[in-house]
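Pasting model.pdb here (PDB, C-alpha atoms):
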```pdb
MODEL        1
ATOM      1  CA  MET N   1     -19.180 -21.809   1.208
ATOM      2  CA  ILE N   2     -15.655 -20.889   0.214
ATOM      3  CA  SER N   3     -12.915 -22.101   2.530
ATOM      4  CA  GLN N   4     -10.562 -19.779   4.355
ATOM      5  CA  LEU N   5      -7.742 -21.108   2.180
ATOM      6  CA  ALA N   6      -9.578 -20.129  -0.993
ATOM      7  CA  VAL N   7     -10.036 -16.638   0.428
ATOM      8  CA  ILE N   8      -6.325 -16.366   0.974
ATOM      9  CA  SER N   9      -5.892 -17.493  -2.626
ATOM     10  CA  LEU N  10      -8.067 -14.588  -3.715
ATOM     11  CA  MET N  11      -5.723 -12.085  -2.192
ATOM     12  CA  PHE N  12      -2.602 -13.619  -3.658
ATOM     13  CA  ALA N  13      -3.704 -15.278  -6.883
ATOM     14  CA  LEU N  14      -6.783 -13.079  -7.490
ATOM     15  CA  ALA N  15      -8.749 -16.121  -8.526
ATOM     16  CA  ALA N  16     -11.202 -17.127  -5.782
ATOM     17  CA  PRO N  17     -14.973 -16.517  -6.118
ATOM     18  CA  LEU N  18     -16.849 -14.126  -3.871
ATOM     19  CA  VAL N  19     -19.114 -15.633  -1.206
ATOM     20  CA  THR N  20     -22.062 -13.871   0.344
ATOM     21  CA  GLY N  21     -25.293 -14.945   1.945
ATOM     22  CA  PRO N  22     -26.404 -16.780   5.103
ATOM     23  CA  ASP N  23     -23.474 -19.181   5.252
ATOM     24  CA  ALA N  24     -20.942 -16.343   5.148
ATOM     25  CA  ALA N  25     -22.857 -14.336   7.733
ATOM     26  CA  SER N  26     -22.720 -17.209  10.222
ATOM     27  CA  VAL N  27     -18.949 -16.860  10.728
ATOM     28  CA  ALA N  28     -18.044 -15.249  14.043
ATOM     29  CA  VAL N  29     -14.816 -13.815  15.405
ATOM     30  CA  PRO N  30     -13.994 -14.360  19.084
ATOM     31  CA  ALA N  31     -13.853 -10.992  20.828
ATOM     32  CA  ARG N  32     -10.509 -11.851  22.354
ATOM     33  CA  ALA N  33      -8.927 -12.009  18.900
ATOM     34  CA  ALA N  34     -10.946  -9.619  16.782
ATOM     35  CA  PRO N  35      -9.189  -7.618  14.061
ATOM     36  CA  ALA N  36      -9.004  -3.846  14.249
ATOM     37  CA  THR N  37     -11.345  -2.153  11.787
ATOM     38  CA  GLU N  38     -10.759   1.008   9.795
ATOM     39  CA  VAL N  39     -13.294   3.828   9.789
ATOM     40  CA  PRO N  40     -13.525   5.416   6.312
ATOM     41  CA  GLY N  41     -12.506   9.049   6.190
ATOM     42  CA  PRO N  42      -9.703  11.471   5.324
ATOM     43  CA  PRO N  43      -6.030  10.441   5.612
ATOM     44  CA  ALA N  44      -4.644  10.183   9.134
ATOM     45  CA  ARG N  45      -2.787  13.200  10.471
ATOM     46  CA  THR N  46       0.833  12.578  11.366
ATOM     47  CA  ALA N  47       3.219  14.137  13.820
ATOM     48  CA  ALA N  48       5.529  16.969  12.789
ATOM     49  CA  PRO N  49       8.624  15.895  10.797
ATOM     50  CA  GLN N  50      11.748  15.037  12.752
ATOM     51  CA  ALA N  51      15.309  15.970  11.820
ATOM     52  CA  ARG N  52      16.325  12.322  12.228
ATOM     53  CA  PHE N  53      13.680   9.917  11.004
ATOM     54  CA  THR N  54      12.835   7.058  13.325
ATOM     55  CA  SER N  55       9.713   4.940  13.191
ATOM     56  CA  ASN N  56       8.148   2.075  15.082
ATOM     57  CA  ARG N  57       6.212   1.064  11.965
ATOM     58  CA  ILE N  58       8.614   1.158   9.024
ATOM     59  CA  VAL N  59      12.307   0.849   8.213
ATOM     60  CA  VAL N  60      13.751   2.769   5.276
ATOM     61  CA  GLU N  61      17.027   2.047   3.490
ATOM     62  CA  VAL N  62      18.351   4.697   1.084
ATOM     63  CA  ARG N  63      20.613   3.949  -1.875
ATOM     64  CA  GLN N  64      22.320   6.766  -3.745
ATOM     65  CA  PRO N  65      23.852   6.771  -7.243
ATOM     66  CA  ARG N  66      27.491   5.769  -7.000
ATOM     67  CA  PRO N  67      30.199   8.421  -7.322
ATOM     68  CA  GLY N  68      31.332   8.700 -10.915
ATOM     69  CA  ASP N  69      27.908   7.979 -12.411
ATOM     70  CA  PRO N  70      26.805  10.539 -15.021
ATOM     71  CA  GLU N  71      25.898  13.815 -13.365
ATOM     72  CA  GLN N  72      22.220  14.664 -13.626
ATOM     73  CA  PRO N  73      19.457  15.754 -11.264
ATOM     74  CA  VAL N  74      18.799  12.856  -8.923
ATOM     75  CA  ARG N  75      15.151  11.866  -8.695
ATOM     76  CA  ASP N  76      13.637   9.974  -5.781
ATOM     77  CA  VAL N  77      11.865   6.623  -6.054
ATOM     78  CA  ILE N  78      10.123   4.939  -3.120
ATOM     79  CA  LEU N  79       9.627   1.147  -3.269
ATOM     80  CA  ILE N  80       6.989  -0.430  -0.993
ATOM     81  CA  PRO N  81       6.617  -4.241  -0.746
ATOM     82  CA  GLY N  82       3.426  -6.215  -0.210
ATOM     83  CA  LEU N  83       2.011  -8.415   2.516
ATOM     84  CA  ALA N  84       4.590 -10.660   4.213
ATOM     85  CA  SER N  85       7.415  -9.176   2.122
ATOM     86  CA  THR N  86      10.285  -6.872   2.935
ATOM     87  CA  ALA N  87      12.401  -4.636   0.713
ATOM     88  CA  LEU N  88      14.330  -7.755  -0.316
ATOM     89  CA  VAL N  89      11.761  -8.450  -3.054
ATOM     90  CA  TRP N  90      12.861  -5.210  -4.754
ATOM     91  CA  GLU N  91      16.588  -6.039  -4.747
ATOM     92  CA  PRO N  92      17.208  -6.310  -8.531
ATOM     93  CA  VAL N  93      14.980  -3.297  -9.205
ATOM     94  CA  ALA N  94      16.709  -1.244  -6.529
ATOM     95  CA  GLU N  95      20.173  -2.192  -7.791
ATOM     96  CA  ARG N  96      19.278  -1.053 -11.304
ATOM     97  CA  LEU N  97      17.482   2.144 -10.282
ATOM     98  CA  SER N  98      20.154   3.234  -7.815
ATOM     99  CA  ARG N  99      22.491   3.918 -10.751
ATOM    100  CA  THR N 100      20.419   6.952 -11.693
ATOM    101  CA  HIS N 101      17.929   7.530  -8.864
ATOM    102  CA  ARG N 102      17.892   7.925  -5.120
ATOM    103  CA  VAL N 103      16.022   4.796  -4.025
ATOM    104  CA  HIS N 104      14.109   4.609  -0.750
ATOM    105  CA  LEU N 105      13.400   0.981   0.196
ATOM    106  CA  VAL N 106      10.557   0.674   2.692
ATOM    107  CA  SER N 107      10.028  -2.375   4.896
ATOM    108  CA  VAL N 108       6.999  -2.768   7.158
ATOM    109  CA  ARG N 109       7.732  -3.811  10.731
ATOM    110  CA  GLY N 110       6.245  -7.207  11.492
ATOM    111  CA  PHE N 111       7.045  -8.646   8.047
ATOM    112  CA  GLY N 112      10.013 -10.936   7.580
ATOM    113  CA  GLU N 113      12.321 -10.846  10.574
ATOM    114  CA  LEU N 114      11.504  -7.274  11.588
ATOM    115  CA  GLY N 115       9.931  -6.910  15.016
ATOM    116  CA  ALA N 116       6.283  -5.831  14.955
ATOM    117  CA  GLY N 117       6.764  -2.533  16.797
ATOM    118  CA  ASP N 118       3.586  -0.440  16.804
ATOM    119  CA  ASN N 119       2.142  -2.577  14.007
ATOM    120  CA  GLY N 120       1.575  -5.281  16.601
ATOM    121  CA  ARG N 121      -1.587  -3.559  17.796
ATOM    122  CA  GLY N 122      -4.444  -1.778  16.065
ATOM    123  CA  LEU N 123      -4.515  -0.948  12.366
ATOM    124  CA  VAL N 124      -1.538  -1.481  10.043
ATOM    125  CA  ALA N 125      -1.923  -0.132   6.496
ATOM    126  CA  GLY N 126      -3.285   3.326   7.301
ATOM    127  CA  PRO N 127      -0.699   4.096  10.005
ATOM    128  CA  VAL N 128       2.089   2.705   7.796
ATOM    129  CA  ALA N 129       0.980   5.016   4.959
ATOM    130  CA  ALA N 130       1.003   7.921   7.407
ATOM    131  CA  GLU N 131       4.567   7.048   8.404
ATOM    132  CA  VAL N 132       5.707   6.914   4.790
ATOM    133  CA  ALA N 133       4.082  10.336   4.313
ATOM    134  CA  ARG N 134       5.950  11.625   7.370
ATOM    135  CA  TYR N 135       9.177  10.227   5.948
ATOM    136  CA  ILE N 136       8.604  12.060   2.647
ATOM    137  CA  ARG N 137       8.047  15.341   4.466
ATOM    138  CA  SER N 138      10.904  14.876   6.926
ATOM    139  CA  ARG N 139      13.339  14.236   4.098
ATOM    140  CA  GLY N 140      12.019  17.091   1.989
ATOM    141  CA  LEU N 141      11.468  14.805  -1.002
ATOM    142  CA  ARG N 142      10.114  16.702  -3.997
ATOM    143  CA  ASP N 143       7.530  14.844  -6.091
ATOM    144  CA  PRO N 144       8.963  11.349  -5.558
ATOM    145  CA  ALA N 145       7.752   8.465  -7.670
ATOM    146  CA  VAL N 146       6.223   5.622  -5.650
ATOM    147  CA  ILE N 147       6.092   1.971  -6.712
ATOM    148  CA  GLY N 148       4.050  -0.342  -4.517
ATOM    149  CA  HIS N 149       3.294  -4.051  -4.843
ATOM    150  CA  SER N 150       0.044  -5.614  -3.599
ATOM    151  CA  MET N 151      -0.620  -4.157  -0.116
ATOM    152  CA  GLY N 152       2.216  -1.723  -0.904
ATOM    153  CA  GLY N 153       0.245  -0.643  -3.961
ATOM    154  CA  GLN N 154      -2.719   0.145  -1.757
ATOM    155  CA  ILE N 155      -0.414   2.173   0.488
ATOM    156  CA  ALA N 156       0.715   4.090  -2.613
ATOM    157  CA  LEU N 157      -2.941   4.889  -3.351
ATOM    158  CA  ARG N 158      -3.367   6.178   0.193
ATOM    159  CA  LEU N 159      -0.303   8.394  -0.224
ATOM    160  CA  ALA N 160      -1.448   9.769  -3.572
ATOM    161  CA  SER N 161      -4.837  10.699  -2.118
ATOM    162  CA  ASP N 162      -3.287  12.514   0.868
ATOM    163  CA  PRO N 163      -3.459  16.295   0.250
ATOM    164  CA  GLY N 164      -0.628  16.801   2.723
ATOM    165  CA  ILE N 165       2.083  15.426   0.425
ATOM    166  CA  SER N 166       3.004  15.862  -3.224
ATOM    167  CA  LEU N 167       3.987  12.854  -5.317
ATOM    168  CA  GLY N 168       5.215  12.835  -8.897
ATOM    169  CA  ARG N 169       3.554   9.620 -10.057
ATOM    170  CA  ILE N 170       2.654   6.182  -8.718
ATOM    171  CA  MET N 171       2.941   2.638 -10.061
ATOM    172  CA  ILE N 172       0.604   0.009  -8.620
ATOM    173  CA  VAL N 173       1.873  -3.545  -9.079
ATOM    174  CA  ASP N 174      -0.829  -6.237  -9.103
ATOM    175  CA  ALA N 175      -3.046  -4.427  -6.624
ATOM    176  CA  ALA N 176      -6.543  -2.984  -6.725
ATOM    177  CA  PRO N 177      -8.123  -0.330  -4.510
ATOM    178  CA  PHE N 178     -10.490  -3.114  -3.389
ATOM    179  CA  PHE N 179      -9.273  -6.598  -4.330
ATOM    180  CA  PRO N 180     -12.667  -8.373  -4.201
ATOM    181  CA  SER N 181     -14.035  -5.979  -6.822
ATOM    182  CA  LEU N 182     -11.813  -7.682  -9.386
ATOM    183  CA  VAL N 183     -14.046 -10.751  -9.227
ATOM    184  CA  ASP N 184     -17.324  -8.994  -8.382
ATOM    185  CA  ASP N 185     -17.699  -5.246  -8.830
ATOM    186  CA  ARG N 186     -20.744  -5.323  -6.515
ATOM    187  CA  ALA N 187     -18.720  -6.633  -3.588
ATOM    188  CA  THR N 188     -18.391  -4.522  -0.449
ATOM    189  CA  GLY N 189     -16.187  -4.689   2.591
ATOM    190  CA  GLN N 190     -19.221  -5.759   4.602
ATOM    191  CA  ASP N 191     -19.734  -8.710   2.247
ATOM    192  CA  LEU N 192     -16.162  -9.858   2.777
ATOM    193  CA  GLU N 193     -15.948  -9.221   6.517
ATOM    194  CA  PRO N 194     -17.148 -12.679   7.675
ATOM    195  CA  ILE N 195     -14.730 -14.411   5.322
ATOM    196  CA  ALA N 196     -11.912 -12.036   6.230
ATOM    197  CA  ALA N 197     -12.572 -12.787   9.893
ATOM    198  CA  VAL N 198     -11.978 -16.506   9.263
ATOM    199  CA  ALA N 199      -8.771 -15.725   7.368
ATOM    200  CA  TYR N 200      -7.699 -13.489  10.258
ATOM    201  CA  GLN N 201      -8.166 -16.339  12.736
ATOM    202  CA  ALA N 202      -6.325 -18.810  10.508
ATOM    203  CA  VAL N 203      -3.262 -16.602  10.191
ATOM    204  CA  LEU N 204      -3.385 -15.427  13.795
ATOM    205  CA  PHE N 205      -3.282 -18.928  15.221
ATOM    206  CA  LEU N 206      -1.288 -20.728  12.523
ATOM    207  CA  GLY N 207       1.117 -17.885  11.690
ATOM    208  CA  ASP N 208       2.706 -17.682   8.263
ATOM    209  CA  ASP N 209       2.155 -21.434   7.831
ATOM    210  CA  ALA N 210      -1.469 -20.555   7.039
ATOM    211  CA  LEU N 211      -0.155 -18.679   4.011
ATOM    212  CA  ALA N 212       3.047 -20.474   3.074
ATOM    213  CA  ARG N 213       1.755 -24.060   2.991
ATOM    214  CA  GLN N 214      -1.593 -23.565   1.290
ATOM    215  CA  PRO N 215      -3.018 -23.733  -2.259
ATOM    216  CA  TRP N 216      -2.386 -20.061  -2.997
ATOM    217  CA  ALA N 217       1.097 -21.142  -4.118
ATOM    218  CA  GLU N 218      -0.417 -23.055  -7.032
ATOM    219  CA  GLY N 219      -2.106 -19.887  -8.243
ATOM    220  CA  MET N 220       1.148 -18.001  -7.974
ATOM    221  CA  GLY N 221       2.546 -20.040 -10.849
ATOM    222  CA  SER N 222       6.287 -19.591 -11.367
ATOM    223  CA  THR N 223       6.457 -17.282  -8.368
ATOM    224  CA  ALA N 224       6.213 -20.133  -5.884
ATOM    225  CA  GLY N 225       9.506 -21.644  -7.012
ATOM    226  CA  ALA N 226      11.169 -18.256  -7.361
ATOM    227  CA  LEU N 227      10.288 -17.256  -3.816
ATOM    228  CA  GLU N 228      11.522 -20.528  -2.361
ATOM    229  CA  ALA N 229      14.750 -20.469  -4.361
ATOM    230  CA  TRP N 230      15.573 -16.800  -3.995
ATOM    231  CA  VAL N 231      13.920 -14.785  -1.215
ATOM    232  CA  GLY N 232      12.092 -17.589   0.588
ATOM    233  CA  TRP N 233       8.705 -17.122   2.191
ATOM    234  CA  GLN N 234       9.385 -14.177   4.452
ATOM    235  CA  GLY N 235       6.325 -14.484   6.655
ATOM    236  CA  GLY N 236       6.456 -12.437   9.828
ATOM    237  CA  ASP N 237       4.630 -11.701  13.060
ATOM    238  CA  ALA N 238       1.338 -13.617  13.105
ATOM    239  CA  ARG N 239      -0.724 -10.719  14.413
ATOM    240  CA  VAL N 240       0.661  -8.249  11.864
ATOM    241  CA  LEU N 241       0.106 -10.742   9.036
ATOM    242  CA  ALA N 242      -3.442 -11.492  10.169
ATOM    243  CA  GLN N 243      -4.415  -7.852  10.608
ATOM    244  CA  SER N 244      -2.850  -6.826   7.297
ATOM    245  CA  LEU N 245      -4.644  -9.598   5.397
ATOM    246  CA  TYR N 246      -7.927  -8.610   7.036
ATOM    247  CA  GLU N 247      -7.459  -4.982   5.962
ATOM    248  CA  VAL N 248      -6.483  -5.922   2.400
ATOM    249  CA  MET N 249      -9.686  -7.956   2.128
ATOM    250  CA  THR N 250     -12.135  -5.485   3.686
ATOM    251  CA  VAL N 251     -10.905  -1.887   3.255
ATOM    252  CA  ASP N 252     -12.311  -0.272   0.119
ATOM    253  CA  LEU N 253     -10.060   2.498  -1.220
ATOM    254  CA  ARG N 254     -12.158   3.237  -4.292
ATOM    255  CA  PRO N 255     -13.505   6.471  -2.730
ATOM    256  CA  ASN N 256      -9.891   7.687  -2.478
ATOM    257  CA  LEU N 257      -9.420   7.582  -6.247
ATOM    258  CA  ALA N 258     -11.251  10.864  -6.875
ATOM    259  CA  ARG N 259      -8.651  12.668  -4.739
ATOM    260  CA  ILE N 260      -5.684  11.426  -6.809
ATOM    261  CA  ASP N 261      -4.360  13.918  -9.354
ATOM    262  CA  VAL N 262      -1.011  12.336 -10.269
ATOM    263  CA  PRO N 263      -0.387   9.867 -13.135
ATOM    264  CA  VAL N 264      -1.195   6.285 -12.162
ATOM    265  CA  THR N 265       0.301   3.219 -13.858
ATOM    266  CA  VAL N 266      -1.123  -0.203 -13.046
ATOM    267  CA  VAL N 267       1.085  -3.224 -13.801
ATOM    268  CA  TYR N 268      -0.374  -6.700 -13.436
ATOM    269  CA  GLY N 269       0.244 -10.297 -14.406
ATOM    270  CA  TRP N 270      -1.568 -11.518 -17.506
ATOM    271  CA  SER N 271      -2.016 -14.671 -19.540
ATOM    272  CA  ARG N 272      -3.265 -15.115 -23.098
ATOM    273  CA  ARG N 273      -4.809 -18.495 -22.172
ATOM    274  CA  GLU N 274      -8.562 -18.033 -22.121
ATOM    275  CA  ASP N 275      -8.982 -20.548 -19.291
ATOM    276  CA  SER N 276      -6.625 -18.577 -17.035
ATOM    277  CA  PRO N 277      -8.053 -16.382 -14.235
ATOM    278  CA  ARG N 278      -5.510 -13.781 -15.313
ATOM    279  CA  TYR N 279      -7.067 -13.639 -18.775
ATOM    280  CA  GLN N 280     -10.583 -13.512 -17.364
ATOM    281  CA  LEU N 281      -9.741 -10.596 -15.070
ATOM    282  CA  GLN N 282      -8.360  -8.466 -17.906
ATOM    283  CA  SER N 283     -11.345  -6.089 -18.059
ATOM    284  CA  SER N 284     -11.618  -5.917 -14.273
ATOM    285  CA  TRP N 285      -8.457  -3.855 -13.874
ATOM    286  CA  ARG N 286      -9.763  -0.863 -15.809
ATOM    287  CA  GLN N 287     -13.085  -1.119 -13.986
ATOM    288  CA  ALA N 288     -11.306  -1.152 -10.631
ATOM    289  CA  TYR N 289      -9.639   2.215 -11.344
ATOM    290  CA  ARG N 290     -12.496   3.977 -13.116
ATOM    291  CA  GLY N 291     -12.850   6.457 -10.232
ATOM    292  CA  LEU N 292      -9.548   8.196 -11.031
ATOM    293  CA  ARG N 293      -9.616  11.773 -12.337
ATOM    294  CA  ARG N 294      -7.645  10.659 -15.378
ATOM    295  CA  PRO N 295      -7.494   7.111 -16.729
ATOM    296  CA  ALA N 296      -4.810   4.823 -15.374
ATOM    297  CA  ARG N 297      -2.171   3.500 -17.750
ATOM    298  CA  LEU N 298      -2.622  -0.279 -17.715
ATOM    299  CA  VAL N 299       0.415  -2.487 -18.381
ATOM    300  CA  PRO N 300      -0.257  -6.248 -18.523
ATOM    301  CA  ILE N 301       2.853  -8.400 -18.141
ATOM    302  CA  GLU N 302       2.401 -11.706 -19.928
ATOM    303  CA  GLY N 303       3.698 -14.733 -18.096
ATOM    304  CA  ALA N 304       3.583 -13.099 -14.668
ATOM    305  CA  GLU N 305       1.420 -13.946 -11.690
ATOM    306  CA  HIS N 306       1.182 -11.918  -8.479
ATOM    307  CA  MET N 307       4.914 -11.354  -7.967
ATOM    308  CA  VAL N 308       5.350  -9.626 -11.309
ATOM    309  CA  MET N 309       8.859  -8.309 -10.626
ATOM    310  CA  ILE N 310      10.089 -11.837  -9.826
ATOM    311  CA  ASP N 311       8.129 -13.752 -12.455
ATOM    312  CA  GLN N 312       9.097 -11.503 -15.381
ATOM    313  CA  PRO N 313      11.992  -9.279 -14.251
ATOM    314  CA  VAL N 314      13.011  -8.070 -17.723
ATOM    315  CA  ARG N 315       9.504  -7.115 -18.792
ATOM    316  CA  PHE N 316       8.823  -5.563 -15.419
ATOM    317  CA  MET N 317      11.978  -3.457 -15.535
ATOM    318  CA  ALA N 318      11.001  -2.224 -18.986
ATOM    319  CA  ALA N 319       7.673  -1.124 -17.519
ATOM    320  CA  VAL N 320       9.466   0.673 -14.673
ATOM    321  CA  ASP N 321      11.759   2.478 -17.125
ATOM    322  CA  ALA N 322       8.747   3.605 -19.150
ATOM    323  CA  PHE N 323       6.989   4.692 -15.966
ATOM    324  CA  LEU N 324       9.910   6.794 -14.732
ATOM    325  CA  GLY N 325      10.720   8.183 -18.181
ATOM    326  CA  GLY N 326       7.146   9.178 -19.006
ATOM    327  CA  THR N 327       5.709  12.654 -18.806
TER     328      THR N 327
ENDMDL
END
```
Encoded form using structure tokens:
Amino acid sequence: MISQLAVISLMFALAAPLVTGPDAASVAVPARAAPATEVPGPPARTAAPQARFTSNRIVVEVRQPRPGDPEQPVRDVILIPGLASTALVWEPVAERLSRTHRVHLVSVRGFGELGAGDNGRGLVAGPVAAEVARYIRSRGLRDPAVIGHSMGGQIALRLASDPGISLGRIMIVDAAPFFPSLVDDRATGQDLEPIAAVAYQAVLFLGDDALARQPWAEGMGSTAGALEAWVGWQGGDARVLAQSLYEVMTVDLRPNLARIDVPVTVVYGWSRREDSPRYQLQSSWRQAYRGLRRPARLVPIEGAEHMVMIDQPVRFMAAVDAFLGGT
């Protein structure tokens, strides 16, 4: 049976095998610390827009082009980080884009040093997506581009499938609508639930140490050193981390793909070494997004692991420029 640490590796390094069967089914979650579960269905309805945006789930920082920059219509770009990350991971990207775009940097409460707020109870990803949707409406943003990494990429998929908002295009960075399908297309959320429950308990009771000090860092390759040297392991509130990891492992967004009618670009780390999990997963990315109305544009970034924008910043920025400049 796969260990809880290997399961965590799956979510971050996308390299752990799927486990099903009697051993997996024997795992139980104490009722006093059970994760909240998401019921599949249409996007959550949100409250009416407010003149002044405030949220107990997200924080948004806006950066405008500096005065004196070439005059042109300013387009909006929303950047959403992944699990246990804040907007800090987007800093170089945001600095570059803010010369020509209005950049909206989203941080999820409960990650990093942000207090958990409403994310400290119940579901996380769905309500966070609903808040980002409310932000878009409250600010009157017209067809913004959305770039989301990992869990943030899944939030971008939720946004794009919401008929209540209109996006221009989305870029998914090293994320799949259902992560386990990358290693086994037959996997279901029910298959992963027992394993996800163990991961939930590990993070809930050990906090971000359950993520920061474990073997997933080896699978992250050059990212591990980059995170430690530059942004550090941001961690966060144990309950928010545990619940978010549980949702990333068990919620299957593949049914949402048929409702997405905007261009989708998928950027992911890749290796030309045939013994690398990144090489072996090459065909899985297209399979993961086959439910879209129009094929996704796949952009492998050689030499990158999960944190593509940190591992290969120049190549990643070139992909972002192509994404924003495309038709």
#### Entry: Residues selected by the PyMOL selection byres ((chain N and resi 84) around 8), written as a ChimeraX atom specification
/N:82-83,85-86,111-112,233-236,241
#### Entry: Å distance separating atom CA of N:Ala318 from atom CA of N:Val248, one decimal place
27.9 Å
### Task
Apply the PyMOL selection byres ((chain N and resi 166-172) around 7) to the displayed file and report the matching residues as a list in words.
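Answer for the PyMOL selection byres ((chain N and resi 166-172) around 7): Asp143, Pro144, Ala145, Val146, Ile147, Gly148, His149, Gly153, Ala156, Ala160, Ile165, Val173, Asp174, Ala175, Val262, Pro263, Val264, Thr265, Val266 and Val267 of chain N.
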### One-decimal distance in Å that lies between atom CA of N:Gly140 and atom CA of N:Val77
13.2 Å
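The interatomic distance for the pair atom CA of N:Ser98 and atom CA of N:Pro67 works out to 11.3 Å.
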### Residue members of the PyMOL selection byres ((chain N and resi 299) around 10) in the file shown, as a list in words
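Going through the file, the PyMOL selection byres ((chain N and resi 299) around 10) ends up selecting Val173, Thr265, Val266, Val267, Tyr268, Gly269, Trp270, Ala296, Arg297, Leu298, Pro300, Ile301, Glu302, Phe316 and Ala319 of chain N.
With only C-alpha atoms as the atoms that count, the residue of N:Gly303, N:Pro255, N:Gly291, N:Gly207 with the shortest distance to N:Arg272 is N:Gly303.
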### Query
Which one is closest to N:Ile136: N:Leu97, N:Ile78, N:Leu123, N:Leu88? Count only C-alpha atoms.
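Of the candidates, the smallest distance to N:Ile136 is held by N:Ile78.
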### Message
When you count all atoms listed in the file, which of these residues is closest to N:Asp185: N:Leu281, N:Met309, N:Leu79, N:Val89?
### Response
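Going through N:Leu281, N:Met309, N:Leu79, N:Val89 one by one, the smallest distance to N:Asp185 is for N:Leu281.
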### Message
Applying 10 Å and only C-alpha atoms, which residues near N:Ser55 remain after dropping the ones on its own chain fewer than 4 positions away? List them as number ranges by chain.
### Response
N: 59-60, 109, 117-118, 128, 131-132, 134-135
